[in-house]
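Next comes data30.txt, with compact mmCIF, C-alpha atoms.
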```txt
# COMPACT_ATOMS: atom_id res chain seq x y z
CA MET A 24 -39.98 -95.55 -23.07
CA THR A 25 -43.19 -95.84 -21.06
CA PRO A 26 -46.25 -93.72 -21.95
CA PHE A 27 -45.71 -91.66 -18.80
CA ALA A 28 -42.04 -91.05 -19.58
CA ALA A 29 -42.99 -90.05 -23.13
CA LEU A 30 -45.08 -87.19 -21.73
CA HIS A 31 -41.82 -85.67 -20.46
CA HIS A 32 -40.19 -85.65 -23.89
CA ARG A 33 -42.34 -83.27 -25.93
CA PRO A 34 -40.25 -80.13 -26.52
CA GLY A 35 -42.34 -77.03 -26.07
CA HIS A 36 -45.22 -79.00 -24.55
CA PRO A 37 -44.50 -79.69 -20.87
CA LEU A 38 -46.64 -82.13 -18.95
CA LEU A 39 -49.00 -80.18 -16.68
CA LEU A 40 -49.40 -82.50 -13.71
CA PRO A 41 -52.28 -81.68 -11.35
CA ASN A 42 -52.10 -83.23 -7.91
CA ALA A 43 -55.02 -85.02 -6.24
CA TRP A 44 -55.57 -86.00 -2.63
CA ASP A 45 -58.42 -88.51 -2.87
CA HIS A 46 -60.38 -90.50 -5.42
CA ALA A 47 -62.94 -87.79 -6.19
CA SER A 48 -60.32 -85.12 -6.88
CA ALA A 49 -58.35 -87.50 -9.12
CA ALA A 50 -61.46 -88.65 -10.98
CA ALA A 51 -62.62 -85.08 -11.53
CA LEU A 52 -59.22 -84.09 -12.94
CA ALA A 53 -59.18 -87.14 -15.20
CA ALA A 54 -62.69 -86.29 -16.42
CA ALA A 55 -61.43 -82.80 -17.24
CA GLY A 56 -58.94 -84.33 -19.66
CA HIS A 57 -55.72 -84.84 -17.69
CA ALA A 58 -54.09 -88.08 -18.81
CA ALA A 59 -51.63 -88.10 -15.92
CA ILE A 60 -52.28 -87.14 -12.32
CA GLY A 61 -50.00 -86.93 -9.32
CA THR A 62 -50.80 -87.04 -5.64
CA THR A 63 -50.00 -84.28 -3.18
CA SER A 64 -48.34 -85.40 0.03
CA LEU A 65 -49.65 -82.35 1.88
CA GLY A 66 -53.22 -83.08 0.80
CA VAL A 67 -52.98 -86.75 1.72
CA ALA A 68 -51.44 -85.92 5.10
CA ALA A 69 -53.75 -83.03 5.98
CA ALA A 70 -56.86 -85.00 5.01
CA ALA A 71 -55.75 -87.69 7.48
CA GLY A 72 -54.88 -85.21 10.21
CA LEU A 73 -51.18 -86.01 9.96
CA PRO A 74 -48.08 -83.84 9.34
CA ASP A 75 -46.58 -83.67 5.86
CA GLY A 76 -42.94 -84.50 5.24
CA ALA A 77 -42.57 -86.36 8.54
CA ALA A 78 -42.75 -89.96 7.26
CA ALA A 79 -46.16 -90.31 8.92
CA THR A 80 -48.33 -91.21 5.94
CA ARG A 81 -46.87 -94.33 4.37
CA ALA A 82 -50.06 -96.33 4.92
CA GLU A 83 -52.31 -93.55 3.62
CA THR A 84 -50.11 -93.07 0.56
CA VAL A 85 -50.17 -96.76 -0.37
CA ARG A 86 -53.89 -97.01 0.32
CA LEU A 87 -54.65 -94.09 -2.01
CA ALA A 88 -52.36 -95.50 -4.71
CA ARG A 89 -54.24 -98.80 -4.57
CA ARG A 90 -57.51 -96.97 -5.15
CA LEU A 91 -56.29 -94.61 -7.86
CA GLY A 92 -54.13 -97.21 -9.58
CA ARG A 93 -57.26 -99.02 -10.76
CA ASP A 94 -58.38 -96.04 -12.85
CA ASP A 95 -57.51 -95.21 -16.46
CA PHE A 96 -55.18 -92.23 -15.93
CA LEU A 97 -51.42 -92.45 -15.40
CA LEU A 98 -50.63 -92.13 -11.70
CA SER A 99 -47.51 -90.63 -10.13
CA VAL A 100 -47.23 -90.81 -6.34
CA ASP A 101 -45.64 -88.21 -4.10
CA ALA A 102 -43.88 -90.41 -1.57
CA GLU A 103 -42.10 -87.69 0.42
CA SER A 104 -38.57 -89.02 1.08
CA GLY A 105 -39.71 -92.62 0.74
CA PHE A 106 -40.69 -92.71 4.44
CA SER A 107 -37.22 -94.06 5.27
CA ASP A 108 -33.52 -93.39 4.78
CA GLY A 109 -32.98 -97.07 4.08
CA PRO A 110 -32.69 -97.78 0.34
CA ALA A 111 -34.15 -101.28 0.74
CA GLU A 112 -37.22 -99.93 2.55
CA VAL A 113 -37.76 -97.24 -0.07
CA ALA A 114 -37.40 -99.82 -2.85
CA ALA A 115 -39.98 -102.03 -1.13
CA LEU A 116 -42.37 -99.08 -1.05
CA ALA A 117 -41.78 -98.47 -4.76
CA VAL A 118 -42.62 -102.10 -5.51
CA GLU A 119 -45.89 -101.74 -3.56
CA LEU A 120 -46.80 -98.57 -5.43
CA ALA A 121 -46.01 -100.11 -8.82
CA GLN A 122 -48.07 -103.18 -7.97
CA ALA A 123 -50.91 -100.80 -7.05
CA GLY A 124 -50.76 -99.27 -10.53
CA ALA A 125 -48.47 -96.27 -10.11
CA VAL A 126 -46.21 -95.43 -13.05
CA GLY A 127 -44.17 -92.75 -11.31
CA ILE A 128 -42.80 -91.83 -7.90
CA ASN A 129 -41.59 -88.53 -6.49
CA LEU A 130 -38.77 -88.74 -3.93
CA GLU A 131 -37.55 -85.63 -2.09
CA ASP A 132 -34.32 -84.91 -0.24
CA GLY A 133 -35.78 -82.33 2.15
CA ARG A 134 -36.14 -83.19 5.83
CA PRO A 135 -38.75 -81.99 8.36
CA ASP A 136 -36.15 -79.92 10.23
CA GLY A 137 -35.36 -77.91 7.09
CA SER A 138 -32.09 -79.69 6.33
CA LEU A 139 -31.25 -81.78 3.30
CA THR A 140 -30.64 -85.52 3.20
CA PRO A 141 -27.00 -86.17 2.20
CA SER A 142 -26.94 -86.50 -1.56
CA ASP A 143 -25.31 -89.94 -1.46
CA VAL A 144 -28.11 -91.24 0.78
CA HIS A 145 -30.80 -89.89 -1.54
CA ALA A 146 -28.94 -91.23 -4.57
CA ALA A 147 -28.82 -94.67 -2.96
CA LYS A 148 -32.62 -94.59 -2.63
CA VAL A 149 -32.97 -93.65 -6.30
CA ALA A 150 -30.63 -96.44 -7.37
CA ALA A 151 -32.43 -99.00 -5.20
CA VAL A 152 -35.83 -98.05 -6.65
CA LYS A 153 -34.53 -98.18 -10.20
CA ALA A 154 -33.03 -101.62 -9.60
CA ALA A 155 -36.24 -102.93 -8.03
CA VAL A 156 -38.75 -101.38 -10.47
CA PRO A 157 -36.91 -100.30 -13.65
CA GLU A 158 -40.09 -99.17 -15.41
CA LEU A 159 -41.16 -96.79 -12.61
CA PHE A 160 -40.46 -93.14 -13.49
CA ILE A 161 -38.37 -91.69 -10.66
CA ASN A 162 -38.67 -87.94 -10.20
CA ALA A 163 -35.82 -87.01 -7.85
CA ARG A 164 -36.61 -83.80 -6.01
CA THR A 165 -34.15 -81.49 -4.31
CA ASP A 166 -35.32 -78.89 -1.81
CA THR A 167 -32.25 -76.67 -2.04
CA TYR A 168 -34.33 -73.56 -2.71
CA TRP A 169 -36.90 -74.32 -0.04
CA CYS A 170 -34.29 -75.16 2.59
CA GLY A 171 -32.51 -71.84 2.20
CA HIS A 172 -29.15 -73.20 1.09
CA GLN A 173 -26.52 -70.45 0.97
CA ASP A 174 -25.68 -71.24 -2.66
CA PRO A 175 -28.78 -73.00 -3.99
CA GLY A 176 -27.81 -72.76 -7.65
CA ALA A 177 -24.51 -74.57 -7.31
CA GLU A 178 -25.82 -77.09 -4.79
CA THR A 179 -28.86 -77.82 -6.96
CA ALA A 180 -26.69 -78.55 -9.99
CA ARG A 181 -24.40 -80.76 -7.91
CA ARG A 182 -27.22 -82.76 -6.37
CA LEU A 183 -29.11 -83.22 -9.62
CA ALA A 184 -25.96 -84.54 -11.30
CA VAL A 185 -25.65 -87.13 -8.52
CA TYR A 186 -29.31 -88.13 -8.82
CA GLN A 187 -29.09 -88.43 -12.60
CA GLU A 188 -26.06 -90.68 -12.22
CA ALA A 189 -28.02 -92.84 -9.76
CA GLY A 190 -30.74 -93.45 -12.35
CA ALA A 191 -33.35 -90.72 -11.88
CA ASP A 192 -35.64 -90.40 -14.90
CA GLY A 193 -36.44 -86.77 -14.11
CA VAL A 194 -35.53 -84.13 -11.53
CA PHE A 195 -37.66 -81.65 -9.63
CA VAL A 196 -36.66 -78.29 -8.13
CA PRO A 197 -39.55 -76.67 -6.24
CA GLY A 198 -38.96 -73.05 -5.28
CA LEU A 199 -36.90 -72.27 -8.37
CA THR A 200 -38.73 -69.47 -10.22
CA GLU A 201 -36.06 -67.24 -11.79
CA PRO A 202 -36.26 -67.77 -15.58
CA ALA A 203 -32.54 -67.41 -16.31
CA ALA A 204 -31.64 -69.89 -13.59
CA ILE A 205 -34.23 -72.35 -14.90
CA GLY A 206 -32.80 -72.05 -18.41
CA ARG A 207 -29.25 -72.63 -17.20
CA LEU A 208 -30.32 -75.68 -15.25
CA VAL A 209 -32.15 -77.19 -18.23
CA GLY A 210 -29.01 -76.72 -20.33
CA GLY A 211 -26.93 -78.76 -17.90
CA LEU A 212 -29.32 -81.69 -17.52
CA SER A 213 -29.67 -84.92 -19.47
CA VAL A 214 -33.10 -85.75 -17.96
CA PRO A 215 -36.37 -83.77 -17.90
CA LEU A 216 -36.74 -80.90 -15.44
CA ASN A 217 -39.88 -80.52 -13.31
CA ILE A 218 -40.80 -77.09 -11.94
CA LEU A 219 -43.52 -76.25 -9.41
CA TRP A 220 -45.95 -73.63 -10.73
CA THR A 221 -46.37 -70.63 -8.44
CA PRO A 222 -48.46 -67.48 -8.85
CA THR A 223 -45.33 -65.32 -8.76
CA GLY A 224 -43.24 -67.46 -11.11
CA PRO A 225 -43.23 -67.96 -14.89
CA GLY A 226 -46.43 -69.14 -16.54
CA LEU A 227 -46.80 -72.39 -18.43
CA ALA A 228 -45.93 -70.87 -21.81
CA GLU A 229 -42.74 -69.28 -20.49
CA LEU A 230 -41.70 -72.48 -18.74
CA ALA A 231 -42.26 -74.35 -21.99
CA GLY A 232 -40.00 -71.90 -23.78
CA LEU A 233 -37.31 -72.41 -21.16
CA GLY A 234 -37.29 -76.15 -21.85
CA VAL A 235 -39.11 -77.31 -18.73
CA ALA A 236 -40.60 -80.76 -19.32
CA ARG A 237 -43.06 -81.04 -16.43
CA VAL A 238 -45.00 -78.48 -14.42
CA SER A 239 -46.54 -79.67 -11.17
CA LEU A 240 -49.27 -77.98 -9.15
CA GLY A 241 -48.26 -79.55 -5.84
CA SER A 242 -50.68 -78.77 -3.02
CA LEU A 243 -52.22 -75.78 -4.85
CA LEU A 244 -55.47 -77.53 -5.77
CA TYR A 245 -55.97 -78.91 -2.25
CA ARG A 246 -55.36 -75.52 -0.68
CA SER A 247 -57.67 -73.90 -3.23
CA ALA A 248 -60.40 -76.42 -2.41
CA LEU A 249 -60.13 -75.65 1.31
CA ALA A 250 -60.28 -71.92 0.60
CA ALA A 251 -63.36 -72.42 -1.58
CA ALA A 252 -65.09 -74.46 1.12
CA VAL A 253 -64.52 -71.78 3.76
CA ALA A 254 -65.54 -69.01 1.35
CA THR A 255 -68.76 -70.84 0.42
CA ALA A 256 -69.72 -71.27 4.08
CA ALA A 257 -69.03 -67.58 4.66
CA ALA A 258 -71.14 -66.62 1.66
CA VAL A 259 -74.09 -68.65 2.92
CA ALA A 260 -73.74 -67.12 6.39
CA SER A 261 -73.71 -63.59 5.00
CA GLY A 262 -76.44 -64.14 2.45
CA GLY A 263 -74.06 -63.60 -0.43
CA PRO A 264 -74.01 -65.43 -3.75
CA VAL A 265 -72.57 -68.92 -4.05
CA GLY A 266 -70.79 -69.78 -7.26
CA PRO A 267 -71.69 -72.76 -9.43
CA VAL A 268 -70.70 -76.12 -7.96
CA PRO A 269 -71.08 -79.69 -9.24
CA GLY A 270 -74.35 -81.39 -8.38
CA TYR A 271 -74.78 -84.44 -6.16
CA ALA A 272 -75.29 -86.80 -9.09
CA GLU A 273 -72.19 -85.47 -10.85
CA ILE A 274 -70.01 -86.18 -7.83
CA GLN A 275 -71.70 -89.53 -7.24
CA ALA A 276 -70.80 -90.50 -10.81
CA LEU A 277 -67.10 -90.02 -10.07
CA SER A 278 -67.17 -93.16 -7.95
CA GLY A 279 -67.63 -95.23 -11.07
CA SER A 280 -70.31 -97.29 -9.36
```

Structure translated into structure tokens:
Amino acid sequence: MTPFAALHHRPGHPLLLPNAWDHASAAALAAAGHAAIGTTSLGVAAAAGLPDGAAATRAETVRLARRLGRDDFLLSVDAESGFSDGPAEVAALAVELAQAGAVGINLEDGRPDGSLTPSDVHAAKVAAVKAAVPELFINARTDTYWCGHQDPGAETARRLAVYQEAGADGVFVPGLTEPAAIGRLVGGLSVPLNILWTPTGPGLAELAGLGVARVSLGSLLYRSALAAAVATAAAVASGGPVGPVPGYAEIQALSGS
């Protein structure tokens, strides 16, 4: 078991995975004590002026992985749907990310139009990645709750069973927040479950008690940073107080130069 995989197998102590969008955000999170950091596809896309979830940011994703993969923390990359429905192309991407230093990859089955990739197609991607890079932790995500499936509970369980069979090391169900449903899902899985933290959902302690192995923050930190930037500009304009912020030298030090 790799060190990153081991972080998903600590009963009662889920991995809290914050998601960065550039080197400074990742370095700051690592300096705060996070041993593992993910990327956020929304943050990477928005920072580049590109749409998220539309297979438009392959180059930006690989470029960021090459920069972050040189650092000391464990890196998991949000690769949307793999930027292709071709298993060979997705496997080639996974090889690039692993060579860049990534130890994990997140692959989603949601599509830009709100539909879901057929489960056999997504499973073929998972299997191809596992065959090409066996040591890479594959977090197979299903967007059943986000896509408004008429029976998300049953469809989630069905899809996750298919992805487990294909070789997924973990599974991810964003949008699932109901504690009883989370508990039932954990009970039917043989791999770790990843849940997306939301302000209206269970807290970290409750998720730990339910058996959740990984809690991701997704685009929350990026969106919070944008909100803070706008609020700070508004405070300066109105003559209001500005909260404490890191100094120039502190941020400069994050570059490692």

Checklist outcome for this item: A straight line from CA of Ala151 (chain A) to CA of Leu39 (chain A) spans 27.6 Å

Next on the checklist: Show me, as an NGL selection string, the residues that have an atom within 7 Å of Pro34 (chain A) when counting all atoms listed in the file, minus same-chain residues fewer than 2 positions from it.
Outcome noted: :A and (32 or 36 or 234)

Next on the checklist: List as a VMD selection string the protein and nucleic acid residues near His46 (chain A), meaning an atom at most 8 Å away when all atoms listed in the file are counted, but skip any in the same chain fewer than 4 places from it.
Outcome noted: chain A and resid 50 87 90 to 91 278

Next on the checklist: Restricting the calculation to only C-alpha atoms: of A:Val214, A:Val149, A:Leu65, A:Leu97, which residue gets closest to Ala49 (chain A)?
Outcome noted: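 Result for the nearest residue to Ala49 (chain A): A:Leu97.
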
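The two atoms in question, CA of Arg89 (chain A) and CA of Gly105 (chain A), are spaced 16.7 Å apart.
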
Checklist entry - Could you name the residues that touch Thr255 (chain A) at 10 Å or less, counting only C-alpha atoms, but leaving out those on the same chain fewer than 6 positions away, as a list in words? => result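 Within the cut-off, the hits are Leu249, Ser261, Gly263, Pro264, Val265 and Gly266 of chain A.
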
Next on the checklist: From (-42.8, -85.1, -16.2), in the file's coordinates, out to 10 Å: which residues are reached, counting only C-alpha atoms? Answer as number ranges by chain.
Outcome noted: A: 27-33, 37-40, 59, 99, 127, 160-162, 192-195, 214-218, 235-239

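With all atoms listed in the file as the basis for measurement, A:Gly241 is the residue among A:Pro225, A:Leu52, A:Ala191, A:Gly241 that approaches Asp101 (chain A) most closely.
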
Item to check | Among the residues A:Ala258, A:Leu116, A:Leu130, A:Leu277, the one that comes closest to Thr84 (chain A) [using only C-alpha atoms] | outcome: A:Leu116

Next on the checklist: Quick check, in Å to one decimal: how far apart do CA of Ser107 (chain A) and CA of Lys148 (chain A) lie?
Outcome noted: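 Taking CA of Ser107 (chain A) and CA of Lys148 (chain A), their separation equals 9.2 Å.
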
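When the distance limit is 7 Å and all atoms listed in the file are what count, the residues near Pro41 (chain A), minus those fewer than 6 positions from it on the same chain, are Ile60, Gly61, Ser239 and Leu240 of chain A.
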
Item to check | Minimum-distance residue to Pro135 (chain A), chosen among A:Glu201, A:Pro110, A:Pro175, A:Gly76 (using all atoms listed in the file) | outcome: A:Gly76

Let me have the centre and edge lengths of the axis-aligned box enclosing all listed atoms of region 176-194 of chain A with 5 Å padding on every side, in Å to one decimal, as AutoDock Vina command-line options.
```
--center_x -30.4 --center_y -83.1 --center_z -9.8 --size_x 22.0 --size_y 30.7 --size_z 20.1
```

Next on the checklist: Distance cut-off 12 Å, centre (-55.6, -101.0, -12.5) in file coordinates, counting only C-alpha atoms: which residues qualify? Return them as a PyMOL selection string.
Outcome noted: chain A and resi 88-98+120-126

Item to check | Residue neighbourhood Ala115 (chain A), 8 Å, only C-alpha atoms, exclusion window fewer than 4 positions, as JSON, numbers by chain | outcome: {"A": [111, 119, 152, 155]}
